[in-house]
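The file protein_3.pdb comes next; it holds PDB, C-alpha atoms, pLDDT in the B column.
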ATOM      1  CA  MET A   1     -53.165  90.118 204.836  1.00 46.00           C
ATOM      2  CA  ARG A   2     -55.837  87.718 203.597  1.00 51.00           C
ATOM      3  CA  ILE A   3     -56.950  88.496 200.032  1.00 49.00           C
ATOM      4  CA  THR A   4     -60.724  88.497 199.876  1.00 50.00           C
ATOM      5  CA  GLY A   5     -61.537  90.527 196.828  1.00 53.00           C
ATOM      6  CA  ILE A   6     -60.193  91.235 193.368  1.00 53.00           C
ATOM      7  CA  ARG A   7     -60.759  94.312 191.238  1.00 53.00           C
ATOM      8  CA  LYS A   8     -59.684  94.952 187.694  1.00 51.00           C
ATOM      9  CA  TYR A   9     -58.402  98.418 186.809  1.00 52.00           C
ATOM     10  CA  GLY A  10     -57.716  98.690 183.108  1.00 54.00           C
ATOM     11  CA  ALA A  11     -55.272  95.941 182.220  1.00 55.00           C
ATOM     12  CA  SER A  12     -54.097  95.288 185.780  1.00 53.00           C
ATOM     13  CA  ILE A  13     -55.723  93.232 188.536  1.00 55.00           C
ATOM     14  CA  HIS A  14     -55.493  94.271 192.203  1.00 52.00           C
ATOM     15  CA  ALA A  15     -56.208  92.160 195.283  1.00 57.00           C
ATOM     16  CA  PHE A  16     -57.640  93.850 198.363  1.00 57.00           C
ATOM     17  CA  PRO A  17     -58.918  92.886 201.804  1.00 64.00           C
ATOM     18  CA  LEU A  18     -62.612  93.268 202.563  1.00 60.00           C
ATOM     19  CA  SER A  19     -63.686  95.562 205.355  1.00 66.00           C
ATOM     20  CA  PRO A  20     -64.404  93.756 208.671  1.00 69.00           C
ATOM     21  CA  LEU A  21     -68.163  94.150 208.123  1.00 65.00           C
ATOM     22  CA  MET A  22     -68.022  92.753 204.565  1.00 61.00           C
ATOM     23  CA  ALA A  23     -65.768  89.899 205.694  1.00 65.00           C
ATOM     24  CA  LYS A  24     -68.268  89.026 208.461  1.00 66.00           C
ATOM     25  CA  LEU A  25     -71.201  89.104 206.005  1.00 58.00           C
ATOM     26  CA  GLN A  26     -69.291  86.993 203.482  1.00 61.00           C
ATOM     27  CA  HIS A  27     -68.420  84.458 206.192  1.00 60.00           C
ATOM     28  CA  ARG A  28     -72.048  84.299 207.397  1.00 61.00           C
ATOM     29  CA  CYS A  29     -73.405  83.864 203.838  1.00 53.00           C
ATOM     30  CA  MET A  30     -70.885  81.154 202.982  1.00 55.00           C
ATOM     31  CA  ASN A  31     -71.578  79.234 206.197  1.00 56.00           C
ATOM     32  CA  THR A  32     -75.342  79.552 205.732  1.00 53.00           C
ATOM     33  CA  ALA A  33     -75.126  78.272 202.155  1.00 53.00           C
ATOM     34  CA  LEU A  34     -72.839  75.389 203.129  1.00 59.00           C
ATOM     35  CA  ASN A  35     -74.994  74.324 206.085  1.00 64.00           C
ATOM     36  CA  SER A  36     -78.388  74.760 204.414  1.00 64.00           C
ATOM     37  CA  PRO A  37     -80.057  71.854 202.647  1.00 77.00           C
ATOM     38  CA  ALA A  38     -80.459  72.285 198.898  1.00 73.00           C
ATOM     39  CA  LEU A  39     -83.927  72.828 197.539  1.00 71.00           C
ATOM     40  CA  GLY A  40     -85.459  69.903 195.680  1.00 78.00           C
ATOM     41  CA  GLU A  41     -88.118  69.662 193.009  1.00 79.00           C
ATOM     42  CA  ILE A  42     -91.283  71.731 193.221  1.00 82.00           C
ATOM     43  CA  GLY A  43     -93.775  69.769 195.321  1.00 88.00           C
ATOM     44  CA  GLN A  44     -96.942  71.840 195.002  1.00 92.00           C
ATOM     45  CA  ILE A  45     -98.315  74.784 193.046  1.00 93.00           C
ATOM     46  CA  ALA A  46    -101.359  76.763 194.199  1.00 91.00           C
ATOM     47  CA  ILE A  47    -103.849  78.108 191.655  1.00 93.00           C
ATOM     48  CA  THR A  48    -106.341  80.723 192.853  1.00 92.00           C
ATOM     49  CA  VAL A  49    -109.806  80.113 191.403  1.00 94.00           C
ATOM     50  CA  SER A  50    -113.256  81.605 191.952  1.00 93.00           C
ATOM     51  CA  ASP A  51    -115.075  78.257 192.198  1.00 95.00           C
ATOM     52  CA  VAL A  52    -113.169  75.146 193.307  1.00 96.00           C
ATOM     53  CA  ASP A  53    -115.793  72.709 191.975  1.00 96.00           C
ATOM     54  CA  LEU A  54    -115.779  74.330 188.518  1.00 96.00           C
ATOM     55  CA  ALA A  55    -111.969  74.445 188.434  1.00 96.00           C
ATOM     56  CA  LEU A  56    -111.738  70.860 189.681  1.00 97.00           C
ATOM     57  CA  ALA A  57    -113.968  69.707 186.826  1.00 97.00           C
ATOM     58  CA  PHE A  58    -111.687  71.521 184.344  1.00 97.00           C
ATOM     59  CA  TYR A  59    -108.336  70.303 185.677  1.00 97.00           C
ATOM     60  CA  ARG A  60    -109.591  66.759 186.341  1.00 97.00           C
ATOM     61  CA  ASP A  61    -111.953  66.205 183.384  1.00 96.00           C
ATOM     62  CA  ALA A  62    -110.611  68.484 180.640  1.00 95.00           C
ATOM     63  CA  LEU A  63    -106.878  68.284 181.444  1.00 95.00           C
ATOM     64  CA  GLY A  64    -107.040  64.731 182.789  1.00 96.00           C
ATOM     65  CA  LEU A  65    -105.123  65.337 186.029  1.00 97.00           C
ATOM     66  CA  ARG A  66    -105.586  62.747 188.761  1.00 98.00           C
ATOM     67  CA  PHE A  67    -107.784  63.942 191.646  1.00 97.00           C
ATOM     68  CA  LEU A  68    -106.155  63.359 195.035  1.00 96.00           C
ATOM     69  CA  PHE A  69    -108.463  64.810 197.701  1.00 95.00           C
ATOM     70  CA  SER A  70    -110.507  67.793 198.890  1.00 93.00           C
ATOM     71  CA  ALA A  71    -109.915  69.548 202.186  1.00 87.00           C
ATOM     72  CA  GLY A  72    -113.221  71.304 202.689  1.00 84.00           C
ATOM     73  CA  PRO A  73    -115.230  73.151 200.068  1.00 86.00           C
ATOM     74  CA  GLN A  74    -112.475  75.645 199.184  1.00 90.00           C
ATOM     75  CA  LEU A  75    -109.485  73.338 198.572  1.00 94.00           C
ATOM     76  CA  ALA A  76    -108.901  70.528 196.081  1.00 96.00           C
ATOM     77  CA  PHE A  77    -105.677  68.728 195.199  1.00 96.00           C
ATOM     78  CA  LEU A  78    -104.670  66.985 191.967  1.00 97.00           C
ATOM     79  CA  GLN A  79    -101.520  65.264 190.738  1.00 97.00           C
ATOM     80  CA  ALA A  80     -99.652  66.591 187.688  1.00 95.00           C
ATOM     81  CA  GLY A  81     -96.711  64.253 187.169  1.00 93.00           C
ATOM     82  CA  GLY A  82     -94.501  64.728 190.222  1.00 93.00           C
ATOM     83  CA  VAL A  83     -96.161  68.008 191.270  1.00 95.00           C
ATOM     84  CA  ARG A  84     -99.298  68.411 193.357  1.00 95.00           C
ATOM     85  CA  LEU A  85    -101.696  71.136 192.188  1.00 95.00           C
ATOM     86  CA  MET A  86    -103.783  72.927 194.831  1.00 94.00           C
ATOM     87  CA  LEU A  87    -106.973  74.690 193.759  1.00 95.00           C
ATOM     88  CA  SER A  88    -108.083  77.329 196.248  1.00 92.00           C
ATOM     89  CA  THR A  89    -110.381  80.332 196.457  1.00 91.00           C
ATOM     90  CA  PRO A  90    -108.562  83.638 197.202  1.00 87.00           C
ATOM     91  CA  GLN A  91    -108.856  83.374 201.021  1.00 77.00           C
ATOM     92  CA  GLY A  92    -107.110  86.726 201.526  1.00 70.00           C
ATOM     93  CA  ALA A  93    -104.331  86.214 198.968  1.00 68.00           C
ATOM     94  CA  GLY A  94    -104.153  85.773 195.223  1.00 70.00           C
ATOM     95  CA  THR A  95    -106.418  86.909 192.449  1.00 79.00           C
ATOM     96  CA  THR A  96    -108.433  84.670 190.169  1.00 82.00           C
ATOM     97  CA  GLY A  97    -107.248  84.706 186.578  1.00 79.00           C
ATOM     98  CA  ALA A  98    -103.882  86.241 187.495  1.00 81.00           C
ATOM     99  CA  ASN A  99    -101.832  83.144 188.316  1.00 81.00           C
ATOM    100  CA  SER A 100     -98.548  82.058 186.807  1.00 82.00           C
ATOM    101  CA  THR A 101     -98.824  79.985 183.649  1.00 89.00           C
ATOM    102  CA  LEU A 102     -98.671  76.209 184.052  1.00 90.00           C
ATOM    103  CA  TYR A 103     -96.859  74.457 181.191  1.00 91.00           C
ATOM    104  CA  PHE A 104     -97.589  70.783 180.595  1.00 93.00           C
ATOM    105  CA  ARG A 105     -95.337  68.614 178.427  1.00 92.00           C
ATOM    106  CA  THR A 106     -96.984  66.499 175.746  1.00 92.00           C
ATOM    107  CA  SER A 107     -95.674  64.134 173.108  1.00 93.00           C
ATOM    108  CA  ASP A 108     -98.376  65.145 170.582  1.00 94.00           C
ATOM    109  CA  LEU A 109     -99.159  68.842 170.841  1.00 94.00           C
ATOM    110  CA  ALA A 110    -101.794  69.022 168.095  1.00 96.00           C
ATOM    111  CA  ALA A 111    -103.757  66.041 169.427  1.00 94.00           C
ATOM    112  CA  SER A 112    -103.516  67.238 173.050  1.00 95.00           C
ATOM    113  CA  TYR A 113    -104.677  70.732 172.122  1.00 96.00           C
ATOM    114  CA  ALA A 114    -107.627  69.442 170.089  1.00 95.00           C
ATOM    115  CA  SER A 115    -108.596  67.051 172.877  1.00 93.00           C
ATOM    116  CA  LEU A 116    -108.533  69.771 175.553  1.00 93.00           C
ATOM    117  CA  VAL A 117    -110.612  72.148 173.455  1.00 94.00           C
ATOM    118  CA  ALA A 118    -113.105  69.355 172.744  1.00 94.00           C
ATOM    119  CA  ARG A 119    -113.365  68.773 176.521  1.00 93.00           C
ATOM    120  CA  GLY A 120    -114.167  72.413 177.279  1.00 91.00           C
ATOM    121  CA  ALA A 121    -110.883  74.307 177.502  1.00 94.00           C
ATOM    122  CA  ARG A 122    -111.136  77.812 176.041  1.00 95.00           C
ATOM    123  CA  GLU A 123    -108.851  78.275 173.025  1.00 96.00           C
ATOM    124  CA  GLU A 124    -106.124  80.888 173.411  1.00 96.00           C
ATOM    125  CA  SER A 125    -103.421  80.031 170.868  1.00 96.00           C
ATOM    126  CA  ALA A 126    -103.217  77.060 168.502  1.00 97.00           C
ATOM    127  CA  PRO A 127    -100.002  75.004 168.285  1.00 97.00           C
ATOM    128  CA  HIS A 128     -97.147  77.083 166.911  1.00 97.00           C
ATOM    129  CA  LEU A 129     -93.365  77.032 166.680  1.00 95.00           C
ATOM    130  CA  ILE A 130     -91.641  79.004 169.448  1.00 93.00           C
ATOM    131  CA  ALA A 131     -87.959  78.346 168.762  1.00 92.00           C
ATOM    132  CA  LYS A 132     -85.645  76.348 166.528  1.00 92.00           C
ATOM    133  CA  MET A 133     -82.759  74.987 168.569  1.00 92.00           C
ATOM    134  CA  PRO A 134     -79.691  73.273 167.084  1.00 93.00           C
ATOM    135  CA  ASP A 135     -81.055  69.791 167.869  1.00 94.00           C
ATOM    136  CA  HIS A 136     -84.820  70.298 168.308  1.00 93.00           C
ATOM    137  CA  GLU A 137     -87.800  72.642 167.970  1.00 94.00           C
ATOM    138  CA  VAL A 138     -89.955  73.993 170.789  1.00 93.00           C
ATOM    139  CA  TRP A 139     -93.685  74.117 170.017  1.00 95.00           C
ATOM    140  CA  MET A 140     -96.443  75.509 172.252  1.00 93.00           C
ATOM    141  CA  ALA A 141    -100.190  76.004 172.405  1.00 95.00           C
ATOM    142  CA  PHE A 142    -102.337  77.700 175.036  1.00 94.00           C
ATOM    143  CA  VAL A 143    -105.819  77.302 176.521  1.00 95.00           C
ATOM    144  CA  ARG A 144    -107.556  79.023 179.438  1.00 94.00           C
ATOM    145  CA  ASP A 145    -109.288  77.545 182.476  1.00 93.00           C
ATOM    146  CA  PRO A 146    -112.759  78.716 183.612  1.00 93.00           C
ATOM    147  CA  ASP A 147    -111.213  81.674 185.524  1.00 92.00           C
ATOM    148  CA  GLY A 148    -109.070  82.782 182.592  1.00 91.00           C
ATOM    149  CA  ASN A 149    -105.785  81.347 183.907  1.00 91.00           C
ATOM    150  CA  LEU A 150    -103.428  80.543 181.056  1.00 91.00           C
ATOM    151  CA  VAL A 151    -102.446  76.872 180.634  1.00 93.00           C
ATOM    152  CA  GLY A 152     -99.562  76.100 178.294  1.00 93.00           C
ATOM    153  CA  LEU A 153     -98.898  72.903 176.369  1.00 93.00           C
ATOM    154  CA  MET A 154     -95.369  72.278 175.171  1.00 93.00           C
ATOM    155  CA  GLN A 155     -93.629  69.791 172.932  1.00 93.00           C
ATOM    156  CA  GLU A 156     -89.960  69.516 172.093  1.00 93.00           C
ATOM    157  CA  ARG A 157     -89.627  67.925 168.657  1.00 94.00           C
ATOM    158  CA  ARG A 158     -86.394  66.304 167.582  1.00 93.00           C
TER     159      ARG A 158
END
Starting from the file, give its structure as structure tokens.
Amino acid sequence: MRITGIRKYGASIHAFPLSPLMAKLQHRCMNTALNSPALGEIGQIAITVSDVDLALAFYRDALGLRFLFSAGPQLAFLQAGGVRLMLSTPQGAGTTGANSTLYFRTSDLAASYASLVARGAREESAPHLIAKMPDHEVWMAFVRDPDGNLVGLMQERR
């Protein structure tokens, strides 16, 4: 008998064989995981916006991201560190103003926040302490893009 599972009952531990179906599923999952390539870093994030030109001006001019290219009037691409940002109108999926929050690292949170607001970002939350860790503090601030999408700024202070 091949032991494929362990259960604990009170203070004792019992080994048991899996049913043939469970053993087959376990074998398939293990082989799939072993033969599948691991995922790498995030390569691109899509942000749904109502007006690509307006959003492009915000992400390029206010946030300072590097413009890469446009693919027609409803798609624009920018570079944010090692991640490409795609600005797109809804095109059947997504809702403007209801995207996930993008968090950008900065070495000077207060100066970055003030600079973004001065360049047209809508204030949401001034720099504030989020958490005190044993060896550093996490600080964040938030602004909104023209469609109301939340953009986070974060700094880890040591």
**Request:** Can you pull out every residue within 8 Å of range 123-130 of chain A, counting all atoms listed in the file, but drop anything in the same chain fewer than 2 positions away, and send it as a VMD selection string?
**Result:** chain A and resid 109 to 110 113 117 121 132 137 to 144
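Residue selection for this entry, given the PyMOL selection byres ((chain A and resi 104) around 8), comprises Leu102, Tyr103, Arg105, Thr106, Val151, Gly152, Leu153 and Met154 of chain A.
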**Request:** Write out as a list in words each polymer residue whose atoms come within 6 Å of range 62-78 of chain A, counting only C-alpha atoms; drop sequence neighbours fewer than 2 positions from it.
**Result:** Val52, Phe58, Tyr59, Arg60, Ala80, Arg84, Leu85, Met86, Leu87, Ser88, Thr89, Leu116 and Arg119 of chain A
Write the residues of the selection above to a file with C-alpha atoms, as a CSV table (one decimal), keeping the file's coordinate frame.
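Result saved to result29.csv:
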chain,number,residue,atom,x,y,z
A,52,VAL,CA,-113.2,75.1,193.3
A,58,PHE,CA,-111.7,71.5,184.3
A,59,TYR,CA,-108.3,70.3,185.7
A,60,ARG,CA,-109.6,66.8,186.3
A,80,ALA,CA,-99.7,66.6,187.7
A,84,ARG,CA,-99.3,68.4,193.4
A,85,LEU,CA,-101.7,71.1,192.2
A,86,MET,CA,-103.8,72.9,194.8
A,87,LEU,CA,-107.0,74.7,193.8
A,88,SER,CA,-108.1,77.3,196.2
A,89,THR,CA,-110.4,80.3,196.5
A,116,LEU,CA,-108.5,69.8,175.6
A,119,ARG,CA,-113.4,68.8,176.5
**Point-to-point distance from CA of Ser112 in chain A to CA of Arg158 in chain A, Å rounded to tenths** =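 Spanning CA of Ser112 in chain A to CA of Arg158 in chain A is a straight-line distance of 18.0 Å.
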**Asked** Once the PyMOL selection byres ((chain A and resi 42) around 12) has been applied to the shown file, what residues remain in the selection, as JSON, numbers by chain?
**Response** {"A": [39, 40, 41, 43, 44, 45, 46, 80, 81, 82, 83, 84, 85]}
**Prompt:** For Gly148 in chain A, which residue among A:Arg122, A:Asp51, A:Ala38, A:Gly94 is the nearest when counting all atoms listed in the file?
**Reply:**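 Closest to Gly148 in chain A, using all atoms listed in the file: A:Arg122.
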**Prompt:** Which of these, A:Ile47, A:Ala114, A:Ala55, A:Met133, has the shortest distance to Asp145 in chain A once you count all atoms listed in the file?
**Reply:** A:Ala55
**Request:** Rank nothing, just name the residue among A:Leu150, A:Ala131, A:Ala118, A:Val49 nearest to Pro90 in chain A, using all atoms listed in the file.
**Result:**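 Using all atoms listed in the file, the shortest distance to Pro90 in chain A belongs to A:Val49.
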**Fill in**
Correct to one decimal, the distance CA of Asp135 in chain A-CA of Arg157 in chain A is 8.8 Å
**Interatomic distance, CA of Pro134 in chain A to CA of Thr101 in chain A (Å, one decimal)** = 26.2 Å
Some atoms are absent from range 79-95 of chain A, so rebuild N, CA, C and O atoms and return them as a compact mmCIF listing (two decimals), in the frame of the given file.
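selection_4.txt written:
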# COMPACT_ATOMS: atom_id res chain seq x y z
N GLN A 79 -102.90 65.63 191.03
CA GLN A 79 -101.52 65.26 190.74
C GLN A 79 -101.22 65.55 189.28
O GLN A 79 -101.94 65.13 188.40
N ALA A 80 -100.13 66.29 189.04
CA ALA A 80 -99.65 66.59 187.69
C ALA A 80 -98.22 66.09 187.59
O ALA A 80 -97.28 66.81 187.92
N GLY A 81 -98.05 64.85 187.17
CA GLY A 81 -96.71 64.25 187.17
C GLY A 81 -96.21 64.16 188.59
O GLY A 81 -96.88 63.63 189.47
N GLY A 82 -95.06 64.75 188.88
CA GLY A 82 -94.50 64.73 190.22
C GLY A 82 -94.87 65.95 191.05
O GLY A 82 -94.32 66.15 192.13
N VAL A 83 -95.78 66.78 190.57
CA VAL A 83 -96.16 68.01 191.27
C VAL A 83 -97.63 67.96 191.66
O VAL A 83 -98.48 67.59 190.86
N ARG A 84 -97.91 68.33 192.90
CA ARG A 84 -99.30 68.41 193.36
C ARG A 84 -99.82 69.81 193.03
O ARG A 84 -99.14 70.81 193.23
N LEU A 85 -101.04 69.88 192.52
CA LEU A 85 -101.70 71.14 192.19
C LEU A 85 -102.80 71.39 193.21
O LEU A 85 -103.65 70.53 193.44
N MET A 86 -102.77 72.56 193.84
CA MET A 86 -103.78 72.93 194.83
C MET A 86 -104.69 74.00 194.24
O MET A 86 -104.23 75.05 193.80
N LEU A 87 -105.98 73.72 194.20
CA LEU A 87 -106.97 74.69 193.76
C LEU A 87 -107.59 75.31 195.00
O LEU A 87 -108.03 74.59 195.90
N SER A 88 -107.60 76.64 195.06
CA SER A 88 -108.08 77.33 196.25
C SER A 88 -108.76 78.64 195.87
O SER A 88 -108.33 79.31 194.93
N THR A 89 -109.79 79.00 196.62
CA THR A 89 -110.38 80.33 196.46
C THR A 89 -109.41 81.35 197.06
O THR A 89 -108.50 80.97 197.80
N PRO A 90 -109.56 82.65 196.77
CA PRO A 90 -108.56 83.64 197.20
C PRO A 90 -108.20 83.62 198.69
O PRO A 90 -107.03 83.73 199.03
N GLN A 91 -109.13 83.46 199.58
CA GLN A 91 -108.86 83.37 201.02
C GLN A 91 -107.84 84.40 201.51
O GLN A 91 -106.90 84.09 202.24
N GLY A 92 -107.98 85.65 201.06
CA GLY A 92 -107.11 86.73 201.53
C GLY A 92 -105.86 86.94 200.70
O GLY A 92 -105.16 87.92 200.88
N ALA A 93 -105.52 86.05 199.79
CA ALA A 93 -104.33 86.21 198.97
C ALA A 93 -104.59 85.64 197.59
O ALA A 93 -105.31 84.67 197.43
N GLY A 94 -104.00 86.26 196.59
CA GLY A 94 -104.15 85.77 195.22
C GLY A 94 -105.37 86.37 194.55
O GLY A 94 -106.30 86.84 195.20
N THR A 95 -105.33 86.37 193.25
CA THR A 95 -106.42 86.91 192.45
C THR A 95 -106.76 85.89 191.39
O THR A 95 -105.87 85.35 190.73
